[in-house]
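The file model10.cif contains mmCIF, C-alpha atoms, pLDDT in the B column; chains and numbers go by the auth columns:
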data_entry
#
loop_
_atom_site.group_PDB
_atom_site.id
_atom_site.type_symbol
_atom_site.label_atom_id
_atom_site.label_comp_id
_atom_site.label_asym_id
_atom_site.label_seq_id
_atom_site.Cartn_x
_atom_site.Cartn_y
_atom_site.Cartn_z
_atom_site.B_iso_or_equiv
_atom_site.auth_seq_id
_atom_site.auth_asym_id
ATOM 1 C CA MET A 1 203.833 47.711 103.515 46.00 1 A
ATOM 2 C CA ALA A 2 200.670 48.939 105.211 45.00 2 A
ATOM 3 C CA GLY A 3 201.021 52.248 107.065 47.00 3 A
ATOM 4 C CA GLU A 4 204.179 53.318 105.242 47.00 4 A
ATOM 5 C CA VAL A 5 204.174 56.512 103.240 46.00 5 A
ATOM 6 C CA ASN A 6 206.036 56.752 99.984 49.00 6 A
ATOM 7 C CA ILE A 7 207.975 59.989 100.400 49.00 7 A
ATOM 8 C CA GLU A 8 208.364 60.312 96.644 54.00 8 A
ATOM 9 C CA THR A 9 204.598 60.275 96.004 43.00 9 A
ATOM 10 C CA GLU A 10 203.509 62.297 99.039 62.00 10 A
ATOM 11 C CA SER A 11 203.526 66.059 98.702 86.00 11 A
ATOM 12 C CA LEU A 12 206.160 67.473 101.007 92.00 12 A
ATOM 13 C CA LEU A 13 206.291 70.918 102.529 93.00 13 A
ATOM 14 C CA LYS A 14 209.317 73.152 102.823 92.00 14 A
ATOM 15 C CA VAL A 15 209.821 74.604 106.281 92.00 15 A
ATOM 16 C CA GLY A 16 208.577 78.020 105.091 93.00 16 A
ATOM 17 C CA ASP A 17 205.376 76.488 103.699 94.00 17 A
ATOM 18 C CA LEU A 18 204.823 74.597 106.934 96.00 18 A
ATOM 19 C CA ALA A 19 205.361 77.820 108.869 96.00 19 A
ATOM 20 C CA ARG A 20 202.812 79.687 106.743 96.00 20 A
ATOM 21 C CA GLN A 21 200.217 76.925 107.066 95.00 21 A
ATOM 22 C CA THR A 22 200.547 76.788 110.841 96.00 22 A
ATOM 23 C CA GLY A 23 201.125 80.462 111.630 96.00 23 A
ATOM 24 C CA LYS A 24 204.455 79.613 113.248 97.00 24 A
ATOM 25 C CA THR A 25 207.839 81.080 112.476 96.00 25 A
ATOM 26 C CA VAL A 26 210.522 79.087 110.708 95.00 26 A
ATOM 27 C CA ARG A 27 212.591 79.476 113.881 96.00 27 A
ATOM 28 C CA ALA A 28 209.814 77.910 115.987 97.00 28 A
ATOM 29 C CA ILE A 29 209.674 74.937 113.635 96.00 29 A
ATOM 30 C CA HIS A 30 213.445 74.562 113.808 94.00 30 A
ATOM 31 C CA LEU A 31 213.192 74.666 117.615 96.00 31 A
ATOM 32 C CA TYR A 32 210.539 71.917 117.555 97.00 32 A
ATOM 33 C CA GLU A 33 212.952 69.874 115.455 95.00 33 A
ATOM 34 C CA GLU A 34 215.880 70.563 117.819 95.00 34 A
ATOM 35 C CA LEU A 35 213.748 69.394 120.756 95.00 35 A
ATOM 36 C CA GLY A 36 212.678 66.232 118.936 94.00 36 A
ATOM 37 C CA LEU A 37 209.027 67.283 118.722 96.00 37 A
ATOM 38 C CA LEU A 38 208.958 67.352 114.920 96.00 38 A
ATOM 39 C CA THR A 39 211.053 65.499 112.388 92.00 39 A
ATOM 40 C CA PRO A 40 211.492 66.412 108.734 91.00 40 A
ATOM 41 C CA ALA A 41 210.802 63.571 106.319 91.00 41 A
ATOM 42 C CA VAL A 42 213.874 64.332 104.209 90.00 42 A
ATOM 43 C CA ARG A 43 216.198 67.074 103.089 85.00 43 A
ATOM 44 C CA SER A 44 215.965 68.237 99.528 82.00 44 A
ATOM 45 C CA LYS A 45 218.952 68.220 97.185 83.00 45 A
ATOM 46 C CA GLY A 46 219.370 71.879 98.107 84.00 46 A
ATOM 47 C CA GLY A 47 219.460 71.032 101.816 82.00 47 A
ATOM 48 C CA PHE A 48 215.945 72.256 102.627 82.00 48 A
ATOM 49 C CA ARG A 49 214.021 70.484 105.357 85.00 49 A
ATOM 50 C CA MET A 50 210.973 68.813 103.847 92.00 50 A
ATOM 51 C CA TYR A 51 208.030 67.830 106.032 94.00 51 A
ATOM 52 C CA ARG A 52 205.105 65.501 105.460 94.00 52 A
ATOM 53 C CA SER A 53 201.667 67.066 105.445 91.00 53 A
ATOM 54 C CA ASP A 54 200.981 65.534 108.882 94.00 54 A
ATOM 55 C CA GLY A 55 203.557 68.005 110.223 95.00 55 A
ATOM 56 C CA VAL A 56 200.722 70.542 110.253 96.00 56 A
ATOM 57 C CA LYS A 57 198.749 68.315 112.611 97.00 57 A
ATOM 58 C CA ARG A 58 201.811 67.791 114.824 97.00 58 A
ATOM 59 C CA ILE A 59 202.341 71.542 115.138 97.00 59 A
ATOM 60 C CA GLU A 60 198.645 72.053 115.912 97.00 60 A
ATOM 61 C CA TRP A 61 199.002 69.365 118.605 97.00 61 A
ATOM 62 C CA ILE A 62 202.055 71.106 120.081 97.00 62 A
ATOM 63 C CA GLN A 63 200.158 74.416 120.102 97.00 63 A
ATOM 64 C CA LYS A 64 197.142 72.809 121.783 96.00 64 A
ATOM 65 C CA LEU A 65 199.360 71.393 124.532 96.00 65 A
ATOM 66 C CA GLN A 66 201.022 74.794 124.961 96.00 66 A
ATOM 67 C CA ASP A 67 197.559 76.382 125.204 95.00 67 A
ATOM 68 C CA MET A 68 196.838 73.928 128.021 92.00 68 A
ATOM 69 C CA GLY A 69 199.949 75.137 129.837 91.00 69 A
ATOM 70 C CA PHE A 70 202.542 72.561 128.822 93.00 70 A
ATOM 71 C CA SER A 71 206.033 73.896 128.182 95.00 71 A
ATOM 72 C CA LEU A 72 208.030 72.582 125.220 96.00 72 A
ATOM 73 C CA THR A 73 210.228 70.706 127.679 94.00 73 A
ATOM 74 C CA GLU A 74 207.169 69.050 129.215 92.00 74 A
ATOM 75 C CA ILE A 75 205.928 68.103 125.749 95.00 75 A
ATOM 76 C CA ARG A 76 209.307 66.540 125.029 94.00 76 A
ATOM 77 C CA VAL A 77 209.085 64.507 128.256 91.00 77 A
ATOM 78 C CA PHE A 78 205.506 63.558 127.331 87.00 78 A
ATOM 79 C CA LEU A 79 206.730 62.162 124.007 92.00 79 A
ATOM 80 C CA ARG A 80 209.666 60.381 125.637 91.00 80 A
ATOM 81 C CA VAL A 81 207.301 58.648 128.086 90.00 81 A
ATOM 82 C CA TRP A 82 205.069 57.694 125.156 90.00 82 A
ATOM 83 C CA ASP A 83 207.987 56.287 123.176 91.00 83 A
ATOM 84 C CA GLU A 84 209.368 54.369 126.154 93.00 84 A
ATOM 85 C CA SER A 85 206.050 52.705 127.012 92.00 85 A
ATOM 86 C CA ALA A 86 206.244 48.968 126.476 92.00 86 A
ATOM 87 C CA THR A 87 202.639 48.549 125.331 94.00 87 A
ATOM 88 C CA ALA A 88 199.775 50.604 123.942 92.00 88 A
ATOM 89 C CA PRO A 89 197.690 50.227 127.137 94.00 89 A
ATOM 90 C CA GLU A 90 200.658 51.427 129.190 93.00 90 A
ATOM 91 C CA ALA A 91 201.148 54.417 126.887 92.00 91 A
ATOM 92 C CA MET A 92 197.460 55.335 126.965 93.00 92 A
ATOM 93 C CA SER A 93 197.337 54.953 130.748 94.00 93 A
ATOM 94 C CA THR A 94 200.206 57.406 131.076 91.00 94 A
ATOM 95 C CA VAL A 95 198.547 59.867 128.697 91.00 95 A
ATOM 96 C CA ARG A 96 195.306 59.546 130.662 94.00 96 A
ATOM 97 C CA GLU A 97 197.138 60.339 133.924 94.00 97 A
ATOM 98 C CA ILE A 98 198.844 63.376 132.388 92.00 98 A
ATOM 99 C CA PHE A 99 195.562 64.671 130.965 93.00 99 A
ATOM 100 C CA GLN A 100 193.684 64.048 134.239 96.00 100 A
ATOM 101 C CA ALA A 101 196.302 66.034 136.141 94.00 101 A
ATOM 102 C CA LYS A 102 196.126 68.843 133.577 93.00 102 A
ATOM 103 C CA LEU A 103 192.309 68.869 133.740 95.00 103 A
ATOM 104 C CA HIS A 104 192.447 69.159 137.536 97.00 104 A
ATOM 105 C CA GLU A 105 194.989 71.992 137.268 94.00 105 A
ATOM 106 C CA THR A 106 192.878 73.736 134.607 94.00 106 A
ATOM 107 C CA ARG A 107 189.730 73.535 136.738 97.00 107 A
ATOM 108 C CA GLU A 108 191.621 74.987 139.716 97.00 108 A
ATOM 109 C CA THR A 109 192.877 77.815 137.500 96.00 109 A
ATOM 110 C CA ILE A 110 189.348 78.486 136.222 96.00 110 A
ATOM 111 C CA ALA A 111 188.028 78.619 139.802 98.00 111 A
ATOM 112 C CA ARG A 112 190.820 81.021 140.832 98.00 112 A
ATOM 113 C CA LEU A 113 190.228 83.236 137.807 98.00 113 A
ATOM 114 C CA THR A 114 186.472 83.182 138.414 98.00 114 A
ATOM 115 C CA ARG A 115 187.040 84.431 141.973 97.00 115 A
ATOM 116 C CA LEU A 116 189.340 87.137 140.629 97.00 116 A
ATOM 117 C CA ALA A 117 186.780 88.167 137.987 97.00 117 A
ATOM 118 C CA ASN A 118 184.136 88.467 140.727 96.00 118 A
ATOM 119 C CA GLU A 119 186.458 90.612 142.842 95.00 119 A
ATOM 120 C CA LEU A 120 187.175 92.840 139.842 96.00 120 A
ATOM 121 C CA SER A 121 183.441 93.189 139.118 95.00 121 A
ATOM 122 C CA GLU A 122 182.728 94.141 142.740 90.00 122 A
ATOM 123 C CA SER A 123 185.585 96.641 142.701 89.00 123 A
ATOM 124 C CA LEU A 124 184.416 98.190 139.450 90.00 124 A
ATOM 125 C CA ALA A 125 180.855 98.510 140.793 87.00 125 A
ATOM 126 C CA TYR A 126 182.231 100.221 143.899 83.00 126 A
ATOM 127 C CA LEU A 127 184.418 102.533 141.819 83.00 127 A
ATOM 128 C CA GLU A 128 181.483 103.386 139.551 82.00 128 A
ATOM 129 C CA ARG A 129 179.600 104.723 142.592 77.00 129 A
ATOM 130 C CA CYS A 130 182.654 106.834 143.447 74.00 130 A
ATOM 131 C CA ARG A 131 181.887 109.014 140.432 72.00 131 A
ATOM 132 C CA THR A 132 179.362 110.847 142.606 69.00 132 A
ATOM 133 C CA CYS A 133 182.060 112.000 145.034 71.00 133 A
ATOM 134 C CA ASN A 134 182.877 115.680 145.361 69.00 134 A
ATOM 135 C CA PRO A 135 186.038 116.606 143.472 71.00 135 A
ATOM 136 C CA GLU A 136 187.518 118.332 146.535 73.00 136 A
ATOM 137 C CA HIS A 137 187.606 115.138 148.624 71.00 137 A
ATOM 138 C CA HIS A 138 191.097 113.767 149.221 70.00 138 A
ATOM 139 C CA GLN A 139 191.790 110.149 148.230 68.00 139 A
ATOM 140 C CA SER A 140 192.682 109.275 151.821 66.00 140 A
ATOM 141 C CA ALA A 141 188.937 109.491 152.580 65.00 141 A
ATOM 142 C CA CYS A 142 188.081 106.926 149.914 64.00 142 A
ATOM 143 C CA SER A 143 188.432 103.956 152.209 59.00 143 A
ATOM 144 C CA CYS A 144 186.048 105.359 154.812 61.00 144 A
ATOM 145 C CA CYS A 145 183.655 107.822 153.151 62.00 145 A
ATOM 146 C CA GLY A 146 180.567 105.580 153.228 60.00 146 A
ATOM 147 C CA ARG A 147 179.048 107.342 150.210 59.00 147 A
ATOM 148 C CA SER A 148 179.196 104.280 148.031 50.00 148 A
ATOM 149 C CA GLY A 149 176.250 102.625 149.755 54.00 149 A
ATOM 150 C CA GLN A 150 178.229 99.525 150.705 51.00 150 A
ATOM 151 C CA ASP A 151 177.823 99.947 154.465 60.00 151 A
ATOM 152 C CA GLY A 152 181.526 100.371 155.022 62.00 152 A
ATOM 153 C CA GLU A 153 182.450 97.262 153.003 76.00 153 A
ATOM 154 C CA ILE A 154 185.158 98.276 150.590 80.00 154 A
ATOM 155 C CA PRO A 155 186.479 95.675 148.157 84.00 155 A
ATOM 156 C CA LEU A 156 190.039 94.642 148.981 87.00 156 A
ATOM 157 C CA LEU A 157 191.269 95.636 145.520 88.00 157 A
ATOM 158 C CA VAL A 158 190.193 99.215 146.275 82.00 158 A
ATOM 159 C CA ASP A 159 190.859 99.283 150.011 79.00 159 A
ATOM 160 C CA GLY A 160 194.356 97.860 149.578 82.00 160 A
ATOM 161 C CA ILE A 161 195.434 100.917 147.592 80.00 161 A
ATOM 162 C CA ALA A 162 195.188 103.226 150.613 70.00 162 A
ATOM 163 C CA LYS A 163 196.564 100.741 153.142 66.00 163 A
ATOM 164 C CA ARG A 164 200.336 100.863 153.224 60.00 164 A
#
Could you render the structure as structure tokens?
Amino acid sequence: MAGEVNIETESLLKVGDLARQTGKTVRAIHLYEELGLLTPAVRSKGGFRMYRSDGVKRIEWIQKLQDMGFSLTEIRVFLRVWDESATAPEAMSTVREIFQAKLHETRETIARLTRLANELSESLAYLERCRTCNPEHHQSACSCCGRSGQDGEIPLLVDGIAKR
């Protein structure tokens, strides 16, 4: 039949080989199996889990989703929704919605992190100018010394240290 793989002719991977190829631990692969994210093709006569070569791609897919912020539980729900879709268009529509939501969330995270990076840069520039301060000054004067050339504007990340 078209699309079927003959397990006897396909090269199968033991769980340890799959782990090495993907950089995952054997325990992680077993967890993926327990959660229904990965299924071994067969068990060997010795009881070893044997995986098809496309198991590598599945693990890379799982890792990519985790990199995007999906938990393993969310990935499991994702797959359940996929499996329960009545038609391909319905399944793809659901995937599109999930990915659109994740893209929106990712862009919001990037914007937040960009603002934080800017605040850190401003704070570091301010702190760099503090190197010219006299060693005998007390840190309580740091939030009001005016020596930094910022006209009294002290970045919150620096100013917040002295404000209790």
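Here the question is which of A:Ser53, A:Gln63, A:Thr73, A:Ser11 gets nearest to Leu35 of chain A using only C-alpha atoms, and that residue is A:Thr73.
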If I take atom CA of His30 of chain A and atom CA of Gly69 of chain A, how far is one from the other in Å, to one decimal?
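Between these atoms lies a distance of 21.0 Å.
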Return as a PyMOL selection string the set of residues that the PyMOL selection byres ((chain A and resi 70) around 12) yields on the displayed structure.
chain A and resi 61-69+71-78+98-99+101-103+105-106
Selection near Leu79 of chain A, 10 Å with only C-alpha atoms, sequence-local residues under 4 positions removed, as a PDB file with C-alpha atoms, in the frame of the given file:
ATOM      1  CA  GLY A  36     212.678  66.232 118.936  1.00 94.00           C
ATOM      2  CA  LEU A  37     209.027  67.283 118.722  1.00 96.00           C
ATOM      3  CA  THR A  73     210.228  70.706 127.679  1.00 94.00           C
ATOM      4  CA  GLU A  74     207.169  69.050 129.215  1.00 92.00           C
ATOM      5  CA  ILE A  75     205.928  68.103 125.749  1.00 95.00           C
ATOM      6  CA  ASP A  83     207.987  56.287 123.176  1.00 91.00           C
ATOM      7  CA  GLU A  84     209.368  54.369 126.154  1.00 93.00           C
ATOM      8  CA  SER A  85     206.050  52.705 127.012  1.00 92.00           C
ATOM      9  CA  ALA A  91     201.148  54.417 126.887  1.00 92.00           C
ATOM     10  CA  VAL A  95     198.547  59.867 128.697  1.00 91.00           C
TER      11      VAL A  95
END
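Closest approach to Leu156 of chain A among A:Gln100, A:Thr94, A:Asn118, A:Thr109 is made by A:Asn118 (distances from all atoms listed in the file).
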So which residues get picked by the PyMOL selection byres ((chain A and resi 12) around 6) here, written as a compact mmCIF listing (two decimals) with C-alpha atoms, in the coordinates of the input?
# COMPACT_ATOMS: atom_id res chain seq x y z
CA SER A 11 203.53 66.06 98.70
CA LEU A 13 206.29 70.92 102.53
CA MET A 50 210.97 68.81 103.85
CA TYR A 51 208.03 67.83 106.03
CA ARG A 52 205.10 65.50 105.46
Resolved residues for the PyMOL selection byres ((chain A and resi 125) around 12) as a list in words
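Answer for the PyMOL selection byres ((chain A and resi 125) around 12): Asn118, Glu119, Leu120, Ser121, Glu122, Ser123, Leu124, Tyr126, Leu127, Glu128, Arg129, Cys130, Arg131, Ser148, Gly149, Gln150, Ile154, Pro155, Leu157 and Val158 of chain A.
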I'd like the interatomic distance between atom CA of Thr25 of chain A and atom CA of Ala41 of chain A, to a tenth of an Å.
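Atom-to-atom, atom CA of Thr25 of chain A and atom CA of Ala41 of chain A are spaced 18.8 Å apart.
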Interatomic distance (Å, one decimal) between atom CA of Leu18 of chain A and atom CA of Asp54 of chain A:
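Straight-line distance from atom CA of Leu18 of chain A to atom CA of Asp54 of chain A works out to 10.0 Å.
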For a quick check of understanding, using only C-alpha atoms, which of A:Gly55, A:Gly160, A:Pro135, A:Pro89 has the smallest distance to Asp17 of chain A?
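Nearest candidate to Asp17 of chain A out of A:Gly55, A:Gly160, A:Pro135, A:Pro89: A:Gly55.
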